[in-house]
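Dropping upload36.csv in here (CSV, C-alpha atoms and all ligand atoms):
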chain,number,residue,atom,x,y,z
A,1,MET,CA,14.1,87.0,21.4
A,2,HIS,CA,15.8,89.3,23.9
A,3,LEU,CA,15.8,88.4,27.5
A,4,HIS,CA,16.8,90.7,30.3
A,5,ARG,CA,19.8,89.6,32.3
A,6,TYR,CA,17.9,89.2,35.5
A,7,GLU,CA,15.2,87.3,33.7
A,8,LYS,CA,17.8,84.9,32.4
A,9,ILE,CA,19.2,84.5,36.0
A,10,TRP,CA,15.8,83.7,37.4
A,11,LEU,CA,15.0,81.3,34.6
A,12,MET,CA,18.3,79.5,35.3
A,13,LEU,CA,17.6,79.4,39.0
A,14,GLY,CA,14.1,78.0,38.4
A,15,THR,CA,15.3,75.4,36.0
A,16,GLY,CA,18.2,74.5,38.3
A,17,ALA,CA,15.9,74.1,41.3
A,18,LEU,CA,13.6,71.9,39.4
A,19,ALA,CA,16.5,69.8,38.1
A,20,LEU,CA,17.9,69.5,41.6
A,21,PHE,CA,14.5,68.4,42.9
A,22,ILE,CA,14.2,65.7,40.3
A,23,VAL,CA,17.8,64.5,41.1
A,24,ILE,CA,17.1,64.3,44.8
A,25,LEU,CA,13.8,62.5,44.2
A,26,SER,CA,15.5,60.0,41.8
A,27,VAL,CA,18.4,59.3,44.2
A,28,ASN,CA,15.9,58.7,47.1
A,29,ALA,CA,13.6,56.5,45.0
A,30,PHE,CA,16.1,54.5,42.9
A,31,ALA,CA,19.4,54.5,44.8
A,32,MET,CA,18.1,54.5,48.4
A,33,GLY,CA,14.9,52.7,47.9
A,34,MET,CA,12.7,55.3,49.7
A,35,THR,CA,9.2,54.9,48.5
A,36,PRO,CA,5.8,55.4,50.1
A,37,PRO,CA,4.3,52.4,51.9
A,38,SER,CA,3.1,50.3,49.0
A,39,HIS,CA,0.9,47.7,50.7
A,40,MET,CA,2.6,45.0,48.7
A,41,GLU,CA,1.4,42.2,50.9
A,42,MET,CA,-2.0,41.2,49.9
A,43,ILE,CA,-4.4,38.7,51.5
A,44,ASP,CA,-7.9,37.5,50.8
A,45,PRO,CA,-10.0,39.3,53.4
A,46,LYS,CA,-12.6,36.6,53.4
A,47,LYS,CA,-10.0,34.0,54.4
A,48,VAL,CA,-8.1,35.8,57.1
A,49,ASP,CA,-8.7,33.0,59.7
A,50,GLN,CA,-7.2,30.4,57.4
A,51,THR,CA,-4.3,32.5,56.1
A,52,ALA,CA,-0.9,32.5,57.8
A,53,PRO,CA,0.1,34.2,60.0
A,54,PHE,CA,-3.4,35.3,60.9
A,55,ASP,CA,-4.6,31.8,61.5
A,56,LYS,CA,-2.6,31.9,64.7
A,57,PRO,CA,-2.7,35.5,66.0
A,58,GLY,CA,-0.4,36.2,69.0
A,59,LEU,CA,3.0,37.1,70.2
A,60,LYS,CA,6.0,35.4,68.7
A,61,LYS,CA,9.6,35.8,70.0
A,62,ILE,CA,11.9,36.3,67.0
A,63,GLY,CA,15.1,37.5,68.8
A,64,PRO,CA,16.5,38.7,72.1
A,65,ASN,CA,13.6,40.9,73.4
A,66,GLU,CA,12.3,41.2,69.8
A,67,TYR,CA,8.8,40.1,68.9
A,68,GLU,CA,6.2,39.8,66.2
A,69,LEU,CA,2.7,40.5,67.3
A,70,VAL,CA,0.2,39.1,64.8
A,71,MET,CA,-3.2,40.8,65.3
A,72,VAL,CA,-6.5,40.5,63.5
A,73,SER,CA,-8.5,43.7,63.4
A,74,PHE,CA,-12.2,43.3,63.2
A,75,ALA,CA,-15.4,45.2,64.1
A,76,PHE,CA,-15.0,45.9,66.9
A,77,GLY,CA,-11.8,44.7,68.5
A,78,TYR,CA,-8.4,43.2,68.1
A,79,GLN,CA,-7.4,39.6,68.5
A,80,PRO,CA,-5.5,38.8,70.6
A,81,GLY,CA,-6.6,41.3,73.3
A,82,ASN,CA,-4.2,42.5,76.0
A,83,VAL,CA,-0.6,41.4,75.3
A,84,GLU,CA,2.3,41.6,77.7
A,85,VAL,CA,5.9,42.2,76.7
A,86,PRO,CA,9.0,42.9,78.7
A,87,LYS,CA,10.5,46.4,79.0
A,88,GLY,CA,12.7,47.3,76.1
A,89,ALA,CA,10.9,44.9,73.7
A,90,LYS,CA,11.0,45.7,70.0
A,91,VAL,CA,7.6,44.7,68.7
A,92,THR,CA,6.6,44.5,65.0
A,93,PHE,CA,2.8,44.7,64.8
A,94,ILE,CA,1.4,42.7,61.8
A,95,THR,CA,-2.3,43.2,61.3
A,96,THR,CA,-5.0,43.0,58.7
A,97,SER,CA,-8.8,43.6,58.7
A,98,LYS,CA,-11.5,40.9,58.5
A,99,ASP,CA,-14.1,43.4,57.4
A,100,VAL,CA,-13.9,47.1,57.0
A,101,VAL,CA,-11.2,49.8,57.3
A,102,HIS,CA,-9.8,50.1,60.8
A,103,GLY,CA,-7.1,52.1,62.4
A,104,PHE,CA,-4.2,51.0,64.6
A,105,GLN,CA,-2.8,53.7,66.8
A,106,ILE,CA,-0.8,53.7,70.0
A,107,PRO,CA,-1.1,57.3,71.3
A,108,GLY,CA,2.2,58.9,72.3
A,109,THR,CA,4.2,56.7,69.9
A,110,ASN,CA,4.8,56.7,66.2
A,111,VAL,CA,2.6,53.6,65.8
A,112,ASN,CA,-0.3,54.8,63.6
A,113,THR,CA,-1.5,53.0,60.6
A,114,MET,CA,-4.6,52.2,58.6
A,115,VAL,CA,-5.7,48.6,58.5
A,116,LEU,CA,-7.3,47.7,55.2
A,117,PRO,CA,-9.1,44.5,54.3
A,118,GLY,CA,-7.0,42.7,51.8
A,119,HIS,CA,-3.7,44.3,53.0
A,120,VAL,CA,-1.2,43.5,55.6
A,121,SER,CA,0.0,46.5,57.7
A,122,LYS,CA,3.3,46.3,59.6
A,123,ILE,CA,4.7,48.7,62.0
A,124,THR,CA,7.6,48.4,64.5
A,125,HIS,CA,8.0,50.1,67.9
A,126,THR,CA,10.4,49.6,70.8
A,127,PHE,CA,8.8,49.9,74.2
A,128,ASP,CA,11.5,51.5,76.4
A,129,GLU,CA,9.2,52.5,79.3
A,130,PRO,CA,7.0,50.2,81.3
A,131,GLY,CA,3.3,51.0,81.3
A,132,LYS,CA,-0.1,50.1,79.8
A,133,PHE,CA,-0.2,51.3,76.2
A,134,LEU,CA,-3.6,51.8,74.6
A,135,ILE,CA,-4.1,50.5,71.1
A,136,LEU,CA,-7.1,52.1,69.5
A,137,CYS,CA,-9.0,52.3,66.2
A,138,ASN,CA,-8.9,55.8,64.8
A,139,GLU,CA,-10.9,55.1,61.6
A,140,TYR,CA,-14.7,55.3,62.0
A,141,CYS,CA,-15.8,51.7,61.3
A,142,GLY,CA,-19.3,51.4,62.6
A,143,ALA,CA,-21.6,51.5,65.6
A,144,GLY,CA,-19.0,50.0,68.0
A,145,HIS,CA,-16.0,52.0,66.8
A,146,GLN,CA,-15.5,53.8,70.1
A,147,ILE,CA,-15.1,50.5,72.0
A,148,MET,CA,-12.5,49.1,69.5
A,149,ALA,CA,-9.3,49.1,71.6
A,150,THR,CA,-6.9,46.9,73.4
A,151,HIS,CA,-3.6,47.3,75.3
A,152,VAL,CA,0.0,46.4,75.3
A,153,ILE,CA,1.3,45.9,78.8
A,154,VAL,CA,5.0,46.6,79.2
A,155,LYS,CA,6.6,45.2,82.4
A,201,LIG,CU1,-12.4,49.9,64.0
A,201,LIG,CU2,-13.1,52.2,64.3

Any chance you could put this one into structure tokens?
Amino acid sequence: MHLHRYEKIWLMLGTGALALFIVILSVNAFAMGMTPPSHMEMIDPKKVDQTAPFDKPGLKKIGPNEYELVMVSFAFGYQPGNVEVPKGAKVTFITTSKDVVHGFQIPGTNVNTMVLPGHVSKITHTFDEPGKFLILCNEYCGAGHQIMATHVIVK
């Protein structure tokens, strides 16, 4: 089979680009451990209240100005409600749902995750500015969806 020179060049470029793409993906996945969020932490959604850490929702200090905030998401709210942290606090939100799919978003920040029954969602944010930050549900979850919100107060 005769191939034109330019055709060969294009074939090589195409194959090369594909190979490069696979190499980059493999290095990311296997060498650097970059994978999509995998929801590895599972929980029985019917036993949220009895399962640690959701049996004791609340703020826990884990380091100098570093916190874990365990929150239970349910129709239609978050437990605990308004939470106060000091300015500069690094907060890891740990949440799960007791019933249906909810959202967990703090507008103006990178905090935005789905909250699925049976899964534990974790997301970390550092609050560098004081203020009252809204946490809201951005997944339609029923008749009270629009009132499902709480706040983080940064002082
Ligand atoms: Cu919960 Cu919408």

Once you count all atoms listed in the file, what closest atom pair and distance in Å to one decimal does each residue of chain A within 12 Å of ligand LIG 201 (chain A) have, with rows by chain and rising residue number, as CSV?
residue,atom,partner,partner_atom,distance
A:Val72,CA,A:LIG201,CU1,11.1
A:Ser73,CA,A:LIG201,CU1,7.3
A:Phe74,CA,A:LIG201,CU1,6.7
A:Ala75,CA,A:LIG201,CU1,5.6
A:Phe76,CA,A:LIG201,CU1,5.6
A:Gly77,CA,A:LIG201,CU1,6.9
A:Tyr78,CA,A:LIG201,CU1,8.8
A:Thr96,CA,A:LIG201,CU1,11.4
A:Ser97,CA,A:LIG201,CU1,9.0
A:Lys98,CA,A:LIG201,CU1,10.6
A:Asp99,CA,A:LIG201,CU1,9.4
A:Val100,CA,A:LIG201,CU1,7.7
A:Val101,CA,A:LIG201,CU1,6.8
A:His102,CA,A:LIG201,CU1,4.1
A:Gly103,CA,A:LIG201,CU1,6.0
A:Phe104,CA,A:LIG201,CU1,8.3
A:Gln105,CA,A:LIG201,CU1,10.7
A:Thr113,CA,A:LIG201,CU1,11.8
A:Met114,CA,A:LIG201,CU1,9.8
A:Val115,CA,A:LIG201,CU1,8.8
A:Leu116,CA,A:LIG201,CU1,10.4
A:Pro117,CA,A:LIG201,CU1,11.6
A:Ile135,CA,A:LIG201,CU1,10.9
A:Leu136,CA,A:LIG201,CU2,7.9
A:Cys137,CA,A:LIG201,CU2,4.5
A:Asn138,CA,A:LIG201,CU2,5.6
A:Glu139,CA,A:LIG201,CU2,4.5
A:Tyr140,CA,A:LIG201,CU2,4.2
A:Cys141,CA,A:LIG201,CU2,4.1
A:Gly142,CA,A:LIG201,CU2,6.5
A:Ala143,CA,A:LIG201,CU2,8.6
A:Gly144,CA,A:LIG201,CU2,7.3
A:His145,CA,A:LIG201,CU2,3.8
A:Gln146,CA,A:LIG201,CU2,6.5
A:Ile147,CA,A:LIG201,CU2,8.1
A:Met148,CA,A:LIG201,CU1,5.6
A:Ala149,CA,A:LIG201,CU1,8.2
A:Thr150,CA,A:LIG201,CU1,11.3

Sorted by chain and rising residue number, list the residues of range 71-154 of chain A at most 12 Å from range 53-59 of chain A (counting all atoms listed in the file), each with its closest atom pair and distance in Å to one decimal, as JSON lines.
{"residue": "A:Met71", "atom": "CA", "partner": "A:Pro57", "partner_atom": "CA", "distance": 5.4}
{"residue": "A:Val72", "atom": "CA", "partner": "A:Phe54", "partner_atom": "CA", "distance": 6.6}
{"residue": "A:Ser73", "atom": "CA", "partner": "A:Phe54", "partner_atom": "CA", "distance": 10.1}
{"residue": "A:Tyr78", "atom": "CA", "partner": "A:Pro57", "partner_atom": "CA", "distance": 9.8}
{"residue": "A:Gln79", "atom": "CA", "partner": "A:Pro57", "partner_atom": "CA", "distance": 6.7}
{"residue": "A:Pro80", "atom": "CA", "partner": "A:Gly58", "partner_atom": "CA", "distance": 5.9}
{"residue": "A:Gly81", "atom": "CA", "partner": "A:Gly58", "partner_atom": "CA", "distance": 9.1}
{"residue": "A:Asn82", "atom": "CA", "partner": "A:Gly58", "partner_atom": "CA", "distance": 10.2}
{"residue": "A:Val83", "atom": "CA", "partner": "A:Leu59", "partner_atom": "CA", "distance": 7.6}
{"residue": "A:Glu84", "atom": "CA", "partner": "A:Leu59", "partner_atom": "CA", "distance": 8.8}
{"residue": "A:Val85", "atom": "CA", "partner": "A:Leu59", "partner_atom": "CA", "distance": 8.8}
{"residue": "A:Pro86", "atom": "CA", "partner": "A:Leu59", "partner_atom": "CA", "distance": 11.9}
{"residue": "A:Ala89", "atom": "CA", "partner": "A:Leu59", "partner_atom": "CA", "distance": 11.6}
{"residue": "A:Lys90", "atom": "CA", "partner": "A:Leu59", "partner_atom": "CA", "distance": 11.7}
{"residue": "A:Val91", "atom": "CA", "partner": "A:Leu59", "partner_atom": "CA", "distance": 9.0}
{"residue": "A:Thr92", "atom": "CA", "partner": "A:Leu59", "partner_atom": "CA", "distance": 9.7}
{"residue": "A:Phe93", "atom": "CA", "partner": "A:Leu59", "partner_atom": "CA", "distance": 9.3}
{"residue": "A:Ile94", "atom": "CA", "partner": "A:Pro53", "partner_atom": "CA", "distance": 8.8}
{"residue": "A:Thr95", "atom": "CA", "partner": "A:Phe54", "partner_atom": "CA", "distance": 8.0}
{"residue": "A:Thr96", "atom": "CA", "partner": "A:Phe54", "partner_atom": "CA", "distance": 8.2}
{"residue": "A:Ser97", "atom": "CA", "partner": "A:Phe54", "partner_atom": "CA", "distance": 10.1}
{"residue": "A:Lys98", "atom": "CA", "partner": "A:Phe54", "partner_atom": "CA", "distance": 10.1}
{"residue": "A:His119", "atom": "CA", "partner": "A:Phe54", "partner_atom": "CA", "distance": 12.0}
{"residue": "A:Val120", "atom": "CA", "partner": "A:Phe54", "partner_atom": "CA", "distance": 10.0}
{"residue": "A:Val152", "atom": "CA", "partner": "A:Leu59", "partner_atom": "CA", "distance": 11.0}

- Task: Enter the distance from CA of Ile62 in chain A to CA of Thr35 in chain A, in Å, rounded to one decimal.
- Result: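 For CA of Ile62 in chain A relative to CA of Thr35 in chain A, the distance reads 26.4 Å.
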
- Identify the residues around (-2.6, 52.8, 77.5) within a radius of 8 Å, measuring from all atoms listed in the file in the coordinates stated by the file, and give them as a ChimeraX atom specification. /A:106-107,131-135,151-152

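The space between CA of Val154 in chain A and CA of Tyr67 in chain A spans 12.8 Å.
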
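Between Lys46 in chain A and the residues A:Gly118, A:Ile123, A:Val27, A:Asp128, the shortest atom-to-atom distance, using only C-alpha atoms, involves A:Gly118.
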
- Have a look at CA of Leu69 in chain A and CA of Asn110 in chain A and let me know their distance in Å, one decimal.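 Distance reported for this atom pair: 16.4 Å.
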
- Using only C-alpha atoms, which of the listed residues (A:Ile153, A:Lys47, A:Glu66, A:Met40) sits closest to Ser121 in chain A?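 Ranking A:Ile153, A:Lys47, A:Glu66, A:Met40 by distance to Ser121 in chain A, first place goes to A:Met40.
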
- Between A:Glu41, A:Lys122, A:Leu20, A:Met32, which is the closest to Glu68 in chain A once you count all atoms listed in the file? A:Lys122

Restore N, CA, C and O atoms in range 100-117 of chain A and list the result as a compact mmCIF listing (two decimals), in the frame of the given file.
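Everything below was put into out-v3.txt:
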# COMPACT_ATOMS: atom_id res chain seq x y z
N VAL A 100 -13.95 45.80 57.56
CA VAL A 100 -13.90 47.10 57.00
C VAL A 100 -12.56 47.80 57.34
O VAL A 100 -11.70 47.18 57.95
N VAL A 101 -12.41 49.06 56.96
CA VAL A 101 -11.20 49.80 57.30
C VAL A 101 -11.14 50.15 58.74
O VAL A 101 -12.11 50.69 59.28
N HIS A 102 -10.05 49.78 59.40
CA HIS A 102 -9.80 50.10 60.80
C HIS A 102 -8.56 50.96 60.92
O HIS A 102 -7.78 51.09 59.98
N GLY A 103 -8.36 51.46 62.13
CA GLY A 103 -7.10 52.10 62.40
C GLY A 103 -6.35 51.36 63.48
O GLY A 103 -6.90 50.46 64.13
N PHE A 104 -5.07 51.67 63.60
CA PHE A 104 -4.20 51.00 64.60
C PHE A 104 -3.26 52.04 65.11
O PHE A 104 -2.26 52.35 64.47
N GLN A 105 -3.60 52.61 66.25
CA GLN A 105 -2.80 53.70 66.80
C GLN A 105 -2.46 53.45 68.24
O GLN A 105 -3.29 52.95 69.01
N ILE A 106 -1.21 53.74 68.61
CA ILE A 106 -0.80 53.70 70.00
C ILE A 106 -0.47 55.18 70.35
O ILE A 106 0.61 55.65 69.98
N PRO A 107 -1.37 55.90 71.00
CA PRO A 107 -1.10 57.30 71.30
C PRO A 107 0.18 57.53 72.03
O PRO A 107 0.53 56.73 72.89
N GLY A 108 0.91 58.57 71.67
CA GLY A 108 2.20 58.90 72.30
C GLY A 108 3.36 58.17 71.69
O GLY A 108 4.49 58.33 72.14
N THR A 109 3.11 57.36 70.66
CA THR A 109 4.20 56.70 69.90
C THR A 109 4.02 57.02 68.44
O THR A 109 3.07 57.69 68.04
N ASN A 110 4.94 56.50 67.63
CA ASN A 110 4.80 56.70 66.20
C ASN A 110 3.92 55.63 65.54
O ASN A 110 3.75 55.63 64.33
N VAL A 111 3.39 54.71 66.34
CA VAL A 111 2.60 53.60 65.80
C VAL A 111 1.19 54.23 65.41
O VAL A 111 0.43 54.68 66.28
N ASN A 112 0.95 54.28 64.12
CA ASN A 112 -0.30 54.80 63.60
C ASN A 112 -0.47 54.39 62.18
O ASN A 112 0.22 54.90 61.31
N THR A 113 -1.31 53.41 61.93
CA THR A 113 -1.50 53.00 60.60
C THR A 113 -2.94 52.63 60.29
O THR A 113 -3.70 52.38 61.21
N MET A 114 -3.29 52.66 59.03
CA MET A 114 -4.60 52.20 58.60
C MET A 114 -4.54 50.68 58.50
O MET A 114 -3.49 50.12 58.17
N VAL A 115 -5.65 50.03 58.74
CA VAL A 115 -5.70 48.60 58.50
C VAL A 115 -6.83 48.33 57.52
O VAL A 115 -8.00 48.57 57.79
N LEU A 116 -6.40 47.89 56.34
CA LEU A 116 -7.30 47.70 55.20
C LEU A 116 -7.61 46.28 54.97
O LEU A 116 -6.68 45.45 54.99
N PRO A 117 -8.87 45.93 54.69
CA PRO A 117 -9.10 44.50 54.30
C PRO A 117 -8.39 44.22 53.03
O PRO A 117 -8.38 45.01 52.10
